[in-house]
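Novice: mmCIF, C-alpha atoms, saved as target-v3.cif, coming up:
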```cif
data_target
loop_
_atom_site.group_PDB
_atom_site.id
_atom_site.type_symbol
_atom_site.label_atom_id
_atom_site.label_comp_id
_atom_site.auth_asym_id
_atom_site.auth_seq_id
_atom_site.Cartn_x
_atom_site.Cartn_y
_atom_site.Cartn_z
ATOM 1 C CA MET A 1 28.156 10.226 11.806
ATOM 2 C CA ASN A 2 25.026 8.480 13.018
ATOM 3 C CA PRO A 3 21.964 8.730 10.768
ATOM 4 C CA ASP A 4 18.862 10.631 11.774
ATOM 5 C CA VAL A 5 16.639 7.609 11.103
ATOM 6 C CA ILE A 6 17.355 3.884 10.905
ATOM 7 C CA VAL A 7 14.706 1.632 9.366
ATOM 8 C CA VAL A 8 14.705 -2.147 9.722
ATOM 9 C CA GLY A 9 12.066 -3.629 7.463
ATOM 10 C CA ASP A 10 10.814 -5.232 4.295
ATOM 11 C CA VAL A 11 12.163 -4.519 0.821
ATOM 12 C CA MET A 12 9.913 -5.642 -2.039
ATOM 13 C CA MET A 13 9.349 -5.360 -5.764
ATOM 14 C CA ASP A 14 5.743 -4.286 -6.329
ATOM 15 C CA VAL A 15 3.977 -5.400 -9.503
ATOM 16 C CA SER A 16 0.920 -3.193 -9.944
ATOM 17 C CA VAL A 17 -1.634 -4.293 -12.536
ATOM 18 C CA GLU A 18 -4.670 -2.271 -13.595
ATOM 19 C CA SER A 19 -7.248 -3.715 -15.987
ATOM 20 C CA GLY A 20 -10.955 -3.323 -16.556
ATOM 21 C CA ALA A 21 -11.506 -7.075 -16.568
ATOM 22 C CA LEU A 22 -9.690 -10.363 -17.022
ATOM 23 C CA ALA A 23 -10.376 -12.966 -19.715
ATOM 24 C CA LYS A 24 -9.908 -16.452 -18.332
ATOM 25 C CA GLY A 25 -7.314 -18.229 -20.448
ATOM 26 C CA GLY A 26 -6.868 -15.155 -22.686
ATOM 27 C CA ASP A 27 -5.190 -11.772 -22.934
ATOM 28 C CA VAL A 28 -6.447 -8.291 -22.122
ATOM 29 C CA HIS A 29 -4.814 -4.888 -22.297
ATOM 30 C CA GLY A 30 -4.019 -3.036 -19.113
ATOM 31 C CA GLU A 31 -1.371 -1.054 -17.285
ATOM 32 C CA VAL A 32 1.473 -2.822 -15.492
ATOM 33 C CA ARG A 33 3.933 -0.982 -13.257
ATOM 34 C CA LEU A 34 7.067 -2.354 -11.611
ATOM 35 C CA LEU A 35 7.869 -0.313 -8.516
ATOM 36 C CA PRO A 36 10.407 -0.760 -5.736
ATOM 37 C CA GLY A 37 8.586 -0.916 -2.433
ATOM 38 C CA GLY A 38 8.130 -2.739 0.850
ATOM 39 C CA ALA A 39 7.184 -1.200 4.187
ATOM 40 C CA GLY A 40 10.780 -0.577 5.236
ATOM 41 C CA ALA A 41 11.927 0.833 1.906
ATOM 42 C CA ASN A 42 8.878 3.076 1.621
ATOM 43 C CA ALA A 43 9.319 4.554 5.095
ATOM 44 C CA ALA A 44 13.037 5.100 4.476
ATOM 45 C CA VAL A 45 12.459 6.976 1.219
ATOM 46 C CA TRP A 46 9.814 9.253 2.713
ATOM 47 C CA ALA A 47 12.058 9.977 5.694
ATOM 48 C CA ALA A 48 14.879 10.916 3.316
ATOM 49 C CA ALA A 49 12.514 13.146 1.337
ATOM 50 C CA GLU A 50 11.839 14.949 4.618
ATOM 51 C CA GLY A 51 15.548 15.787 4.741
ATOM 52 C CA ALA A 52 16.721 13.082 7.152
ATOM 53 C CA ARG A 53 19.894 11.050 6.829
ATOM 54 C CA VAL A 54 18.547 7.498 6.589
ATOM 55 C CA ARG A 55 20.000 4.007 6.835
ATOM 56 C CA LEU A 56 17.961 0.944 5.849
ATOM 57 C CA TYR A 57 18.587 -2.650 6.938
ATOM 58 C CA GLY A 58 16.847 -5.470 5.088
ATOM 59 C CA ARG A 59 17.388 -8.624 3.065
ATOM 60 C CA VAL A 60 17.060 -9.301 -0.655
ATOM 61 C CA GLY A 61 17.831 -12.163 -3.001
ATOM 62 C CA ASN A 62 20.896 -12.443 -5.199
ATOM 63 C CA ASP A 63 18.847 -11.391 -8.217
ATOM 64 C CA LEU A 64 17.985 -8.526 -10.526
ATOM 65 C CA PRO A 65 15.038 -7.174 -8.469
ATOM 66 C CA GLY A 66 17.254 -6.999 -5.368
ATOM 67 C CA ARG A 67 19.935 -5.087 -7.257
ATOM 68 C CA LEU A 68 17.438 -2.722 -8.844
ATOM 69 C CA ILE A 69 15.795 -1.907 -5.515
ATOM 70 C CA GLY A 70 19.186 -1.295 -3.884
ATOM 71 C CA GLU A 71 20.159 1.080 -6.687
ATOM 72 C CA ALA A 72 16.825 2.913 -6.509
ATOM 73 C CA LEU A 73 17.191 3.399 -2.765
ATOM 74 C CA ALA A 74 20.773 4.650 -3.103
ATOM 75 C CA GLU A 75 19.615 7.149 -5.740
ATOM 76 C CA ARG A 76 17.212 8.537 -3.125
ATOM 77 C CA GLY A 77 20.105 9.134 -0.739
ATOM 78 C CA ILE A 78 19.495 6.102 1.490
ATOM 79 C CA GLU A 79 22.481 4.375 3.095
ATOM 80 C CA VAL A 80 21.621 0.867 1.946
ATOM 81 C CA CYS A 81 22.544 -2.116 4.144
ATOM 82 C CA LEU A 82 20.850 -5.042 2.429
ATOM 83 C CA ALA A 83 22.003 -8.573 3.183
ATOM 84 C CA GLN A 84 21.988 -10.801 0.104
ATOM 85 C CA ASP A 85 20.315 -14.183 0.418
ATOM 86 C CA PRO A 86 21.960 -16.825 -1.801
ATOM 87 C CA GLU A 87 18.961 -19.170 -1.749
ATOM 88 C CA VAL A 88 15.748 -17.132 -1.730
ATOM 89 C CA ARG A 89 14.556 -14.492 -4.188
ATOM 90 C CA THR A 90 13.747 -10.884 -3.382
ATOM 91 C CA GLY A 91 10.262 -10.357 -1.972
ATOM 92 C CA ALA A 92 7.483 -9.313 -4.326
ATOM 93 C CA MET A 93 3.941 -7.988 -4.095
ATOM 94 C CA LEU A 94 1.270 -8.326 -6.790
ATOM 95 C CA ILE A 95 -1.406 -5.626 -6.643
ATOM 96 C CA MET A 96 -4.322 -6.282 -8.992
ATOM 97 C CA ARG A 97 -6.831 -3.484 -9.553
ATOM 98 C CA ARG A 98 -10.014 -3.860 -11.572
ATOM 99 C CA LYS A 99 -13.368 -2.080 -11.469
ATOM 100 C CA GLY A 100 -12.608 -0.344 -8.189
ATOM 101 C CA ASP A 101 -11.475 -3.498 -6.403
ATOM 102 C CA ARG A 102 -7.938 -4.240 -5.243
ATOM 103 C CA ASP A 103 -6.496 -7.681 -4.566
ATOM 104 C CA MET A 104 -2.957 -8.319 -3.333
ATOM 105 C CA VAL A 105 -0.680 -11.332 -3.192
ATOM 106 C CA ALA A 106 2.531 -11.078 -1.129
ATOM 107 C CA ASP A 107 5.636 -13.230 -1.410
ATOM 108 C CA ARG A 108 7.960 -12.003 1.343
ATOM 109 C CA GLY A 109 10.877 -13.964 -0.066
ATOM 110 C CA ALA A 110 14.199 -12.993 1.481
ATOM 111 C CA ASN A 111 12.502 -10.594 3.913
ATOM 112 C CA ALA A 112 11.273 -13.572 5.908
ATOM 113 C CA ARG A 113 14.877 -14.678 6.473
ATOM 114 C CA LEU A 114 16.341 -11.453 7.853
ATOM 115 C CA SER A 115 18.675 -12.516 10.648
ATOM 116 C CA ALA A 116 19.964 -10.805 13.765
ATOM 117 C CA ASP A 117 23.402 -11.416 12.226
ATOM 118 C CA ASP A 118 22.412 -9.051 9.399
ATOM 119 C CA LEU A 119 22.291 -6.196 11.933
ATOM 120 C CA PRO A 120 25.100 -4.420 13.794
ATOM 121 C CA GLY A 121 25.539 -4.685 17.547
ATOM 122 C CA GLU A 122 24.047 -1.215 18.041
ATOM 123 C CA LEU A 123 21.606 0.890 16.062
ATOM 124 C CA ARG A 124 22.402 4.499 16.906
ATOM 125 C CA ALA A 125 20.157 7.163 15.389
ATOM 126 C CA GLY A 126 17.740 9.961 16.207
ATOM 127 C CA ALA A 127 14.927 7.458 15.604
ATOM 128 C CA VAL A 128 14.744 3.727 14.873
ATOM 129 C CA LEU A 129 11.773 2.111 13.115
ATOM 130 C CA VAL A 130 11.188 -1.659 13.079
ATOM 131 C CA SER A 131 8.465 -3.153 10.895
ATOM 132 C CA GLY A 132 5.946 -5.487 12.484
ATOM 133 C CA TYR A 133 6.049 -7.671 9.387
ATOM 134 C CA LEU A 134 9.496 -8.831 10.513
ATOM 135 C CA LEU A 135 8.228 -9.489 14.012
ATOM 136 C CA PHE A 136 5.297 -11.637 12.895
ATOM 137 C CA ALA A 137 7.269 -13.966 10.595
ATOM 138 C CA ALA A 138 9.016 -16.868 12.339
ATOM 139 C CA GLY A 139 12.137 -16.568 10.208
ATOM 140 C CA SER A 140 12.689 -12.854 10.874
ATOM 141 C CA HIS A 141 11.180 -12.591 14.375
ATOM 142 C CA ASP A 142 14.546 -12.761 16.167
ATOM 143 C CA ALA A 143 15.949 -10.046 13.912
ATOM 144 C CA ALA A 144 13.056 -7.722 14.774
ATOM 145 C CA VAL A 145 13.473 -8.313 18.515
ATOM 146 C CA ALA A 146 17.244 -7.843 18.203
ATOM 147 C CA ALA A 147 16.744 -4.554 16.328
ATOM 148 C CA LEU A 148 14.537 -3.205 19.122
ATOM 149 C CA ARG A 149 16.977 -4.329 21.814
ATOM 150 C CA ARG A 150 20.008 -2.936 19.996
ATOM 151 C CA ALA A 151 18.415 0.450 19.290
ATOM 152 C CA ARG A 152 20.221 3.345 20.912
ATOM 153 C CA SER A 153 17.782 6.131 20.282
ATOM 154 C CA PRO A 154 15.291 8.359 22.103
ATOM 155 C CA LEU A 155 12.634 7.143 19.646
ATOM 156 C CA VAL A 156 12.371 3.374 19.172
ATOM 157 C CA ALA A 157 9.283 2.742 17.069
ATOM 158 C CA VAL A 158 7.446 -0.372 15.934
ATOM 159 C CA ASP A 159 4.694 -0.430 13.330
ATOM 160 C CA ALA A 160 1.897 -2.934 13.995
ATOM 161 C CA ALA A 161 1.798 -3.650 10.230
ATOM 162 C CA SER A 162 -1.295 -5.875 9.819
ATOM 163 C CA TRP A 163 -4.305 -6.577 12.021
ATOM 164 C CA PRO A 164 -4.713 -10.237 10.924
ATOM 165 C CA LEU A 165 -1.033 -10.934 11.543
ATOM 166 C CA LEU A 166 -1.218 -9.105 14.879
ATOM 167 C CA ARG A 167 -4.280 -11.142 15.867
ATOM 168 C CA ASP A 168 -2.625 -14.426 14.973
ATOM 169 C CA PHE A 169 0.622 -13.452 16.695
ATOM 170 C CA GLY A 170 -1.211 -12.501 19.908
ATOM 171 C CA ILE A 171 -1.604 -9.124 21.593
ATOM 172 C CA GLU A 172 0.148 -10.046 24.841
ATOM 173 C CA ARG A 173 2.966 -11.659 22.898
ATOM 174 C CA PHE A 174 3.250 -8.476 20.834
ATOM 175 C CA PHE A 175 3.572 -6.348 23.954
ATOM 176 C CA ASP A 176 6.223 -8.681 25.359
ATOM 177 C CA ALA A 177 8.220 -8.752 22.116
ATOM 178 C CA THR A 178 8.172 -4.947 21.771
ATOM 179 C CA SER A 179 9.034 -4.088 25.370
ATOM 180 C CA ASP A 180 12.153 -2.224 24.170
ATOM 181 C CA ALA A 181 10.100 0.113 21.959
ATOM 182 C CA ASN A 182 8.630 3.377 23.221
ATOM 183 C CA VAL A 183 6.672 4.454 20.121
ATOM 184 C CA LEU A 184 3.759 2.520 18.587
ATOM 185 C CA LEU A 185 2.461 3.178 15.086
ATOM 186 C CA ALA A 186 -0.840 1.512 14.171
ATOM 187 C CA ASN A 187 -3.912 1.976 12.015
ATOM 188 C CA GLN A 188 -7.450 1.930 13.386
ATOM 189 C CA LEU A 189 -7.974 -1.809 13.020
ATOM 190 C CA GLU A 190 -4.673 -2.649 14.705
ATOM 191 C CA ALA A 191 -5.301 -0.158 17.505
ATOM 192 C CA ALA A 192 -8.817 -1.542 18.048
ATOM 193 C CA MET A 193 -7.347 -4.977 18.716
ATOM 194 C CA MET A 194 -5.308 -3.491 21.570
ATOM 195 C CA GLU A 195 -8.157 -1.427 23.017
ATOM 196 C CA GLY A 196 -8.977 -4.013 25.672
ATOM 197 C CA ARG A 197 -5.454 -3.653 27.045
ATOM 198 C CA ARG A 198 -5.457 0.127 27.113
ATOM 199 C CA ARG A 199 -3.487 0.406 30.374
ATOM 200 C CA ARG A 200 -0.695 -1.838 29.168
ATOM 201 C CA LEU A 201 -0.735 -0.057 25.811
ATOM 202 C CA HIS A 202 -0.131 3.353 27.311
ATOM 203 C CA ASP A 203 2.225 2.078 30.013
ATOM 204 C CA GLY A 204 4.313 0.286 27.402
ATOM 205 C CA PHE A 205 4.521 3.058 24.804
ATOM 206 C CA ALA A 206 5.246 6.627 25.866
ATOM 207 C CA MET A 207 4.167 7.830 22.442
ATOM 208 C CA GLY A 208 1.883 6.375 19.819
ATOM 209 C CA CYS A 209 -0.131 7.182 16.714
ATOM 210 C CA VAL A 210 -3.369 5.803 15.371
ATOM 211 C CA LYS A 211 -3.560 6.340 11.597
ATOM 212 C CA MET A 212 -7.107 6.939 10.379
ATOM 213 C CA GLY A 213 -6.743 7.407 6.621
ATOM 214 C CA PRO A 214 -8.777 10.405 5.395
ATOM 215 C CA GLY A 215 -9.592 11.124 9.048
ATOM 216 C CA GLY A 216 -5.960 11.975 9.761
ATOM 217 C CA ALA A 217 -4.270 10.626 12.864
ATOM 218 C CA GLU A 218 -4.275 10.805 16.639
ATOM 219 C CA MET A 219 -1.144 10.825 18.776
ATOM 220 C CA TRP A 220 -0.584 10.407 22.472
ATOM 221 C CA THR A 221 2.519 11.787 24.149
ATOM 222 C CA PRO A 222 3.608 12.226 27.770
ATOM 223 C CA ASP A 223 2.079 15.723 27.520
ATOM 224 C CA GLY A 224 -1.334 14.695 26.210
ATOM 225 C CA PHE A 225 -3.285 13.900 23.045
ATOM 226 C CA LEU A 226 -2.993 15.499 19.622
ATOM 227 C CA ARG A 227 -4.958 15.159 16.404
ATOM 228 C CA ALA A 228 -4.223 16.247 12.840
ATOM 229 C CA ARG A 229 -5.886 15.910 9.442
ATOM 230 C CA PRO A 230 -4.535 16.396 5.937
ATOM 231 C CA PRO A 231 -5.966 19.459 4.147
ATOM 232 C CA SER A 232 -7.489 17.188 1.480
ATOM 233 C CA MET A 233 -7.309 13.549 0.435
ATOM 234 C CA SER A 234 -8.699 11.956 -2.724
ATOM 235 C CA THR A 235 -7.553 8.381 -2.291
ATOM 236 C CA VAL A 236 -6.268 6.944 -5.554
ATOM 237 C CA ASP A 237 -4.377 4.101 -3.907
ATOM 238 C CA ALA A 238 -3.693 3.868 -0.171
ATOM 239 C CA THR A 239 -0.830 1.384 -0.653
ATOM 240 C CA GLY A 240 2.216 2.700 1.211
ATOM 241 C CA ALA A 241 0.430 5.684 2.780
ATOM 242 C CA GLY A 242 1.008 4.364 6.303
ATOM 243 C CA ASP A 243 4.690 3.832 5.516
ATOM 244 C CA ALA A 244 4.957 7.418 4.269
ATOM 245 C CA PHE A 245 3.338 8.593 7.511
ATOM 246 C CA ASP A 246 5.830 6.612 9.616
ATOM 247 C CA GLY A 247 8.900 7.822 7.754
ATOM 248 C CA VAL A 248 7.973 11.492 7.816
ATOM 249 C CA LEU A 249 6.794 11.439 11.436
ATOM 250 C CA LEU A 250 10.049 9.963 12.730
ATOM 251 C CA ALA A 251 12.203 12.122 10.464
ATOM 252 C CA ALA A 252 10.428 15.243 11.694
ATOM 253 C CA LEU A 253 10.682 14.255 15.367
ATOM 254 C CA ALA A 254 14.340 13.274 15.001
ATOM 255 C CA GLY A 255 14.953 16.641 13.345
ATOM 256 C CA GLY A 256 13.584 18.511 16.367
ATOM 257 C CA ALA A 257 9.999 19.251 15.279
ATOM 258 C CA GLU A 258 7.354 19.555 17.961
ATOM 259 C CA PRO A 259 4.958 16.570 18.064
ATOM 260 C CA ALA A 260 2.022 18.575 16.692
ATOM 261 C CA GLU A 261 4.050 19.761 13.709
ATOM 262 C CA ALA A 262 5.515 16.294 13.086
ATOM 263 C CA LEU A 263 2.035 14.753 13.204
ATOM 264 C CA GLN A 264 0.673 17.229 10.665
ATOM 265 C CA ARG A 265 3.590 16.691 8.303
ATOM 266 C CA ALA A 266 3.114 12.932 8.580
ATOM 267 C CA CYS A 267 -0.605 13.207 7.767
ATOM 268 C CA ASP A 268 0.188 15.377 4.752
ATOM 269 C CA ALA A 269 2.737 12.815 3.521
ATOM 270 C CA GLY A 270 0.250 9.960 3.882
ATOM 271 C CA ALA A 271 -2.302 11.934 1.884
ATOM 272 C CA ARG A 272 0.221 12.709 -0.882
ATOM 273 C CA CYS A 273 1.058 9.027 -1.155
ATOM 274 C CA ALA A 274 -2.602 7.972 -1.264
ATOM 275 C CA ASP A 275 -3.309 10.558 -3.973
ATOM 276 C CA SER A 276 -0.986 8.751 -6.402
ATOM 277 C CA PHE A 277 -0.208 5.301 -7.753
ATOM 278 C CA GLU A 278 3.456 5.989 -6.960
ATOM 279 C CA LEU A 279 4.740 4.596 -3.657
ATOM 280 C CA TRP A 280 7.609 7.078 -3.384
ATOM 281 C CA PRO A 281 7.451 10.884 -3.526
ATOM 282 C CA ALA A 282 8.395 12.673 -6.702
ATOM 283 C CA ARG A 283 11.935 13.999 -6.792
#
```
Show me the file's structure as C-alpha cells.
Specialist:
Amino acid sequence: MNPDVIVVGDVMMDVSVESGALAKGGDVHGEVRLLPGGAGANAAVWAAAEGARVRLYGRVGNDLPGRLIGEALAERGIEVCLAQDPEVRTGAMLIMRRKGDRDMVADRGANARLSADDLPGELRAGAVLVSGYLLFAAGSHDAAVAALRRARSPLVAVDAASWPLLRDFGIERFFDATSDANVLLANQLEAAMMEGRRRRLHDGFAMGCVKMGPGGAEMWTPDGFLRARPPSMSTVDATGAGDAFDGVLLAALAGGAEPAEALQRACDAGARCADSFELWPAR
C-alpha cells in the first residue's frame, strides 16, 4: 500500500544547550538535550502524529546517532528508508541558547550526500514533500530534483528552507529546479525574495503557503486565498515549527481535509512545536 505522505529530507541529531553564560576556558552548568531532528524527520513525525502513513527517505552515517535516529523514527510509526553512508557521519545541529539569544551551527554530514540512487524510481503517495536544504547543497541537489520528478502524487511540495541559501542559489534557478512541484511552502523572508516574480510564482505553484510565525499563515489555492492563525502562541523555541506545519498540512490534505481546515491544523501544529523545546509532539 502506498503511504499517505512521503518525505525526502534531512535527518539530524540536534544538540540543544541552554546556559546563562559561558566561561571562556572553563566550565559552567547548564542544560544539554540530545534530540533527533532535521527538517525531513521533523515533518515526517508530525505528519504521522496527524494519523498519516509516512515514509521518509534520507541519508545517515554508519554511526550511533544514525542508528538512534532511525530507531526513534520507527517508534513513531515512520517507514524509515535511510541510506547509510560509509564515509561521512550523521548530520548534527548545535543550538546554543543563552540570555534570550540563540546561535546555531549546522553540520549536514551525510545529508549533503543523498543521491538519486538512494531513491526509488517512483514516489507514489497522497503527498510528497522535498526539503529545499537538499536542493541547495551541491552534493544532494540531483537527489532533490530526482525526487520531484519521480513523485507520483496530486501534491508535490517543496519547502524553500532558508532565505540565505535561496538567495545564493538564485530565484530563477529555484523555479527551474522545482518545475515538477505544484505546492510551495515558505516563510515570510523566503516568500519576500520571490515577490518580484509574483506571476511566475503563482503560475508555477498551484498552491502555496507563507508561514508567518505568531501571525499564522496564508495559503493560495486555485479557488482563492485563505488565512489562519493559531489560537495562541507563546514562542519558547521556534526550531522545527515550520517543519511541523509542513507535515501536518500535507497529512491533512492527503487525508481529504479541505484547504481551510488543513491550514488551521497546520498553524496549530506549528504553535504547539514553538511552545516547547521538544521538536516532536508528545506521544
Novice: Counting only C-alpha atoms, which residues of stretch 68-123 of chain A sit at most 6 Å from some atom of stretch 44-62 of chain A, and what is each one's closest atom pair with its distance in Å to one decimal, listed by chain and rising residue number, as CSV?
Specialist:
```
residue,atom,partner,partner_atom,distance
A:Ile78,CA,A:Val54,CA,5.4
A:Glu79,CA,A:Arg55,CA,4.5
A:Val80,CA,A:Leu56,CA,5.4
A:Cys81,CA,A:Tyr57,CA,4.9
A:Leu82,CA,A:Gly58,CA,4.8
A:Ala83,CA,A:Arg59,CA,4.6
A:Gln84,CA,A:Val60,CA,5.2
A:Asp85,CA,A:Gly61,CA,4.7
A:Pro86,CA,A:Asn62,CA,5.6
A:Val88,CA,A:Gly61,CA,5.5
A:Arg89,CA,A:Gly61,CA,4.2
A:Thr90,CA,A:Gly61,CA,4.3
A:Ala110,CA,A:Val60,CA,5.1
A:Asn111,CA,A:Arg59,CA,5.3
A:Leu114,CA,A:Arg59,CA,5.7
```
Novice: Could those selected residues go to a file with C-alpha atoms, as a JSON list (two decimals), in the coordinates of the input?
Specialist:
```
[["chain", "number", "residue", "atom", "x", "y", "z"],
["A", 78, "ILE", "CA", 19.50, 6.10, 1.49],
["A", 79, "GLU", "CA", 22.48, 4.38, 3.10],
["A", 80, "VAL", "CA", 21.62, 0.87, 1.95],
["A", 81, "CYS", "CA", 22.54, -2.12, 4.14],
["A", 82, "LEU", "CA", 20.85, -5.04, 2.43],
["A", 83, "ALA", "CA", 22.00, -8.57, 3.18],
["A", 84, "GLN", "CA", 21.99, -10.80, 0.10],
["A", 85, "ASP", "CA", 20.32, -14.18, 0.42],
["A", 86, "PRO", "CA", 21.96, -16.82, -1.80],
["A", 88, "VAL", "CA", 15.75, -17.13, -1.73],
["A", 89, "ARG", "CA", 14.56, -14.49, -4.19],
["A", 90, "THR", "CA", 13.75, -10.88, -3.38],
["A", 110, "ALA", "CA", 14.20, -12.99, 1.48],
["A", 111, "ASN", "CA", 12.50, -10.59, 3.91],
["A", 114, "LEU", "CA", 16.34, -11.45, 7.85]]
```
Novice: Given all atoms listed in the file as the basis, pick out the residue of A:Val248, A:Ala106, A:Ala191, A:Val145 nearest to A:Gly270.
Specialist: A:Val248
Novice: Measure the distance from atom CA of A:Arg265 to atom CA of A:Thr239 in Å and round it to one decimal.
Specialist: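 Here the two named atoms are 18.3 Å from each other.
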Novice: As an MDAnalysis selection string, please: the residues near A:Arg200 (cut-off 12 Å, all atoms listed in the file, same-chain neighbours under 2 positions excluded).
Specialist: chainID A and resid 171:172 174:176 178:179 194:198 202:206
Novice: Of the candidates A:Ala192, A:Gln264, A:Asn2, A:Gly240, which one gets nearest to A:Leu226 if we count all atoms listed in the file?
Specialist: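 Of the candidates, the smallest distance to A:Leu226 is held by A:Gln264.
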Novice: Where does the PyMOL selection byres ((chain A and resi 138) around 12) land in this file, that is, which residues does it pick, as a list in words?
Specialist: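 Answer for the PyMOL selection byres ((chain A and resi 138) around 12): Asn111, Ala112, Arg113, Leu114, Ser115, Gly132, Tyr133, Leu134, Leu135, Phe136, Ala137, Gly139, Ser140, His141, Asp142, Ala143, Ala144, Val145, Leu165 and Phe169 of chain A.
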Novice: Could you tell me which residues the PyMOL selection byres ((chain A and resi 16-22) around 8) grabs in this file, written as number ranges by chain?
Specialist: A: 14-15, 23-24, 26-35, 94-99
Novice: Given the selection you just returned, output its residues as a file containing C-alpha atoms, formatted as a PDB file, in the coordinates of the input.
Specialist:
```pdb
ATOM      1  CA  ASP A  14       5.743  -4.286  -6.329  1.00  0.00           C
ATOM      2  CA  VAL A  15       3.977  -5.400  -9.503  1.00  0.00           C
ATOM      3  CA  ALA A  23     -10.376 -12.966 -19.715  1.00  0.00           C
ATOM      4  CA  LYS A  24      -9.908 -16.452 -18.332  1.00  0.00           C
ATOM      5  CA  GLY A  26      -6.868 -15.155 -22.686  1.00  0.00           C
ATOM      6  CA  ASP A  27      -5.190 -11.772 -22.934  1.00  0.00           C
ATOM      7  CA  VAL A  28      -6.447  -8.291 -22.122  1.00  0.00           C
ATOM      8  CA  HIS A  29      -4.814  -4.888 -22.297  1.00  0.00           C
ATOM      9  CA  GLY A  30      -4.019  -3.036 -19.113  1.00  0.00           C
ATOM     10  CA  GLU A  31      -1.371  -1.054 -17.285  1.00  0.00           C
ATOM     11  CA  VAL A  32       1.473  -2.822 -15.492  1.00  0.00           C
ATOM     12  CA  ARG A  33       3.933  -0.982 -13.257  1.00  0.00           C
ATOM     13  CA  LEU A  34       7.067  -2.354 -11.611  1.00  0.00           C
ATOM     14  CA  LEU A  35       7.869  -0.313  -8.516  1.00  0.00           C
ATOM     15  CA  LEU A  94       1.270  -8.326  -6.790  1.00  0.00           C
ATOM     16  CA  ILE A  95      -1.406  -5.626  -6.643  1.00  0.00           C
ATOM     17  CA  MET A  96      -4.322  -6.282  -8.992  1.00  0.00           C
ATOM     18  CA  ARG A  97      -6.831  -3.484  -9.553  1.00  0.00           C
ATOM     19  CA  ARG A  98     -10.014  -3.860 -11.572  1.00  0.00           C
ATOM     20  CA  LYS A  99     -13.368  -2.080 -11.469  1.00  0.00           C
TER      21      LYS A  99
END
```
Novice: Mind pulling up the distance from atom CA of A:Gly37 to atom CA of A:Val11?
Specialist: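 Between atom CA of A:Val11 and atom CA of A:Gly37 the gap works out to 6.0 Å.
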Novice: When the PyMOL selection byres ((chain A and resi 231) around 10) is applied to the file above, which residues end up in the set, as a list in words?
Specialist: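 This file gives the following for the PyMOL selection byres ((chain A and resi 231) around 10): Pro214, Gly216, Ala228, Arg229, Pro230, Ser232, Met233, Gln264, Cys267, Asp268 and Ala271 of chain A.
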Novice: Between atom CA of A:Gly109 and atom CA of A:Gly38, measure the distance and give it in Å to one decimal.
Specialist: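 Distance reported for this atom pair: 11.6 Å.
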